[in-house]
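Engineer: Structure: run_17.pdb, PDB, C-alpha atoms.
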```
ATOM      1  CA  MET E   1     -34.559  62.663   9.050  1.00  0.00           C
ATOM      2  CA  ALA E   2     -30.886  62.752   7.981  1.00  0.00           C
ATOM      3  CA  ILE E   3     -28.379  65.257   6.685  1.00  0.00           C
ATOM      4  CA  LYS E   4     -26.397  63.813   3.785  1.00  0.00           C
ATOM      5  CA  TYR E   5     -23.200  65.418   2.433  1.00  0.00           C
ATOM      6  CA  VAL E   6     -22.615  64.792  -1.285  1.00  0.00           C
ATOM      7  CA  CYS E   7     -19.912  66.086  -3.650  1.00  0.00           C
ATOM      8  CA  ARG E   8     -21.459  68.558  -6.048  1.00  0.00           C
ATOM      9  CA  HIS E   9     -19.173  67.392  -8.884  1.00  0.00           C
ATOM     10  CA  CYS E  10     -18.769  63.600  -8.690  1.00  0.00           C
ATOM     11  CA  ARG E  11     -21.889  62.923  -6.549  1.00  0.00           C
ATOM     12  CA  THR E  12     -19.899  60.794  -4.079  1.00  0.00           C
ATOM     13  CA  THR E  13     -21.487  60.491  -0.645  1.00  0.00           C
ATOM     14  CA  ILE E  14     -19.079  62.056   1.830  1.00  0.00           C
ATOM     15  CA  GLY E  15     -21.007  61.490   5.030  1.00  0.00           C
ATOM     16  CA  GLU E  16     -24.378  61.361   6.740  1.00  0.00           C
ATOM     17  CA  LEU E  17     -25.644  62.656  10.091  1.00  0.00           C
ATOM     18  CA  ASP E  18     -28.790  62.055  12.060  1.00  0.00           C
ATOM     19  CA  SER E  19     -30.430  65.493  12.001  1.00  0.00           C
ATOM     20  CA  GLY E  20     -31.803  64.939  15.498  1.00  0.00           C
ATOM     21  CA  ALA E  21     -28.247  64.942  16.823  1.00  0.00           C
ATOM     22  CA  VAL E  22     -27.242  68.361  15.408  1.00  0.00           C
ATOM     23  CA  SER E  23     -28.867  71.621  14.405  1.00  0.00           C
ATOM     24  CA  GLU E  24     -28.254  73.843  11.378  1.00  0.00           C
ATOM     25  CA  GLN E  25     -26.617  76.344  13.732  1.00  0.00           C
ATOM     26  CA  GLN E  26     -24.144  73.723  14.957  1.00  0.00           C
ATOM     27  CA  LEU E  27     -23.262  72.910  11.342  1.00  0.00           C
ATOM     28  CA  GLY E  28     -22.869  76.592  10.452  1.00  0.00           C
ATOM     29  CA  LEU E  29     -25.600  76.507   7.822  1.00  0.00           C
ATOM     30  CA  HIS E  30     -27.324  79.540   9.336  1.00  0.00           C
ATOM     31  CA  PHE E  31     -24.462  81.730   8.014  1.00  0.00           C
ATOM     32  CA  LEU E  32     -25.483  81.033   4.404  1.00  0.00           C
ATOM     33  CA  THR E  33     -27.349  83.667   2.413  1.00  0.00           C
ATOM     34  CA  PRO E  34     -30.692  82.632   0.855  1.00  0.00           C
ATOM     35  CA  GLU E  35     -28.966  82.282  -2.539  1.00  0.00           C
ATOM     36  CA  GLU E  36     -26.218  80.104  -1.077  1.00  0.00           C
ATOM     37  CA  ARG E  37     -28.792  77.977   0.755  1.00  0.00           C
ATOM     38  CA  SER E  38     -30.721  77.303  -2.444  1.00  0.00           C
ATOM     39  CA  ASP E  39     -27.480  76.359  -4.246  1.00  0.00           C
ATOM     40  CA  ILE E  40     -25.984  74.205  -1.471  1.00  0.00           C
ATOM     41  CA  ILE E  41     -28.934  72.656   0.403  1.00  0.00           C
ATOM     42  CA  ALA E  42     -31.696  70.496  -1.039  1.00  0.00           C
ATOM     43  CA  TYR E  43     -34.605  69.022   0.892  1.00  0.00           C
ATOM     44  CA  ASN E  44     -35.844  65.584  -0.179  1.00  0.00           C
ATOM     45  CA  LEU E  45     -39.479  64.473  -0.140  1.00  0.00           C
ATOM     46  CA  ASN E  46     -38.853  62.214   2.861  1.00  0.00           C
ATOM     47  CA  GLY E  47     -37.560  65.184   4.901  1.00  0.00           C
ATOM     48  CA  ASP E  48     -33.870  64.459   4.523  1.00  0.00           C
ATOM     49  CA  MET E  49     -31.468  67.286   3.741  1.00  0.00           C
ATOM     50  CA  THR E  50     -28.718  66.998   1.121  1.00  0.00           C
ATOM     51  CA  VAL E  51     -25.788  69.394   1.436  1.00  0.00           C
ATOM     52  CA  LYS E  52     -23.653  69.780  -1.696  1.00  0.00           C
ATOM     53  CA  VAL E  53     -19.952  70.246  -0.935  1.00  0.00           C
ATOM     54  CA  VAL E  54     -16.701  69.452  -2.804  1.00  0.00           C
ATOM     55  CA  CYS E  55     -14.780  66.281  -1.960  1.00  0.00           C
ATOM     56  CA  ASP E  56     -10.990  66.235  -1.611  1.00  0.00           C
ATOM     57  CA  TYR E  57     -10.491  64.477  -4.957  1.00  0.00           C
ATOM     58  CA  CYS E  58     -12.521  67.063  -6.896  1.00  0.00           C
ATOM     59  CA  ARG E  59     -10.956  69.957  -4.976  1.00  0.00           C
ATOM     60  CA  GLU E  60      -7.481  68.740  -5.918  1.00  0.00           C
ATOM     61  CA  ALA E  61      -8.492  68.140  -9.546  1.00  0.00           C
ATOM     62  CA  LEU E  62      -9.972  71.638  -9.829  1.00  0.00           C
ATOM     63  CA  ALA E  63      -6.908  73.188  -8.162  1.00  0.00           C
ATOM     64  CA  ALA E  64      -4.593  71.404 -10.610  1.00  0.00           C
ATOM     65  CA  ASN E  65      -6.834  72.163 -13.621  1.00  0.00           C
ATOM     66  CA  PRO E  66      -8.697  75.439 -12.992  1.00  0.00           C
ATOM     67  CA  GLU E  67     -10.102  75.439 -16.527  1.00  0.00           C
ATOM     68  CA  LEU E  68     -12.397  72.580 -15.449  1.00  0.00           C
ATOM     69  CA  SER E  69     -14.414  75.058 -13.383  1.00  0.00           C
ATOM     70  CA  LEU E  70     -15.686  76.557 -16.649  1.00  0.00           C
ATOM     71  CA  LEU E  71     -17.570  73.353 -17.465  1.00  0.00           C
ATOM     72  CA  ALA E  72     -21.078  72.667 -16.123  1.00  0.00           C
ATOM     73  CA  SER E  73     -20.133  69.131 -14.960  1.00  0.00           C
ATOM     74  CA  PRO E  74     -16.342  69.060 -14.916  1.00  0.00           C
ATOM     75  CA  LEU E  75     -15.670  65.776 -13.126  1.00  0.00           C
ATOM     76  CA  GLN E  76     -18.433  63.401 -14.081  1.00  0.00           C
TER      77      GLN E  76
END
```
Would you mind giving the structure from this file in structure tokens?
Structural biologist:
Amino acid sequence: MAIKYVCRHCRTTIGELDSGAVSEQQLGLHFLTPEERSDIIAYNLNGDMTVKVVCDYCREALAANPELSLLASPLQ
């Protein structure tokens, strides 16, 4: 089982961890509300976890062009 970090906008893989090496508490995921968990974390059929975050490129693009945040898929 793995934990995969993916950009929520451009879908770029940012990193991957072996879930046996770390817990959700160590990653800080236990601080998320149920609504945030359902928006940020997805569980795959094979047991892997995908965590949707924002990569540096998309963060900079959204900071420079805040109107992009109004679009459903601003950076695809």
Engineer: Just give me the gap between atom CA of Val53 of chain E and atom CA of Arg8 of chain E in Å, one decimal is fine.
Structural biologist: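 Atom CA of Arg8 of chain E lies at a distance of 5.6 Å from atom CA of Val53 of chain E.
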Engineer: Tell me which residues the PyMOL selection byres ((chain E and resi 26-40) around 9) grabs here, as number ranges by chain.
Structural biologist: E: 8, 22-25, 41-42, 50-53
Engineer: Taking all atoms listed in the file into account, name the residue in E:Cys10, E:Leu17, E:Leu70, E:Ala2 that is nearest to Val54 of chain E.
Structural biologist: E:Cys10
Engineer: Output as AutoDock Vina command-line options the centre and edge lengths (Å, one decimal) of the box along x, y and z of the file that holds every listed atom of segment 11-17 of chain E after adding 5 Å on each side.
Structural biologist:
```
--center_x -22.4 --center_y 61.7 --center_z 1.8 --size_x 16.6 --size_y 12.4 --size_z 26.6
```
Engineer: Between atom CA of Tyr5 of chain E and atom CA of Tyr43 of chain E, what distance in Å does the model show, to one decimal?
Structural biologist: 12.1 Å
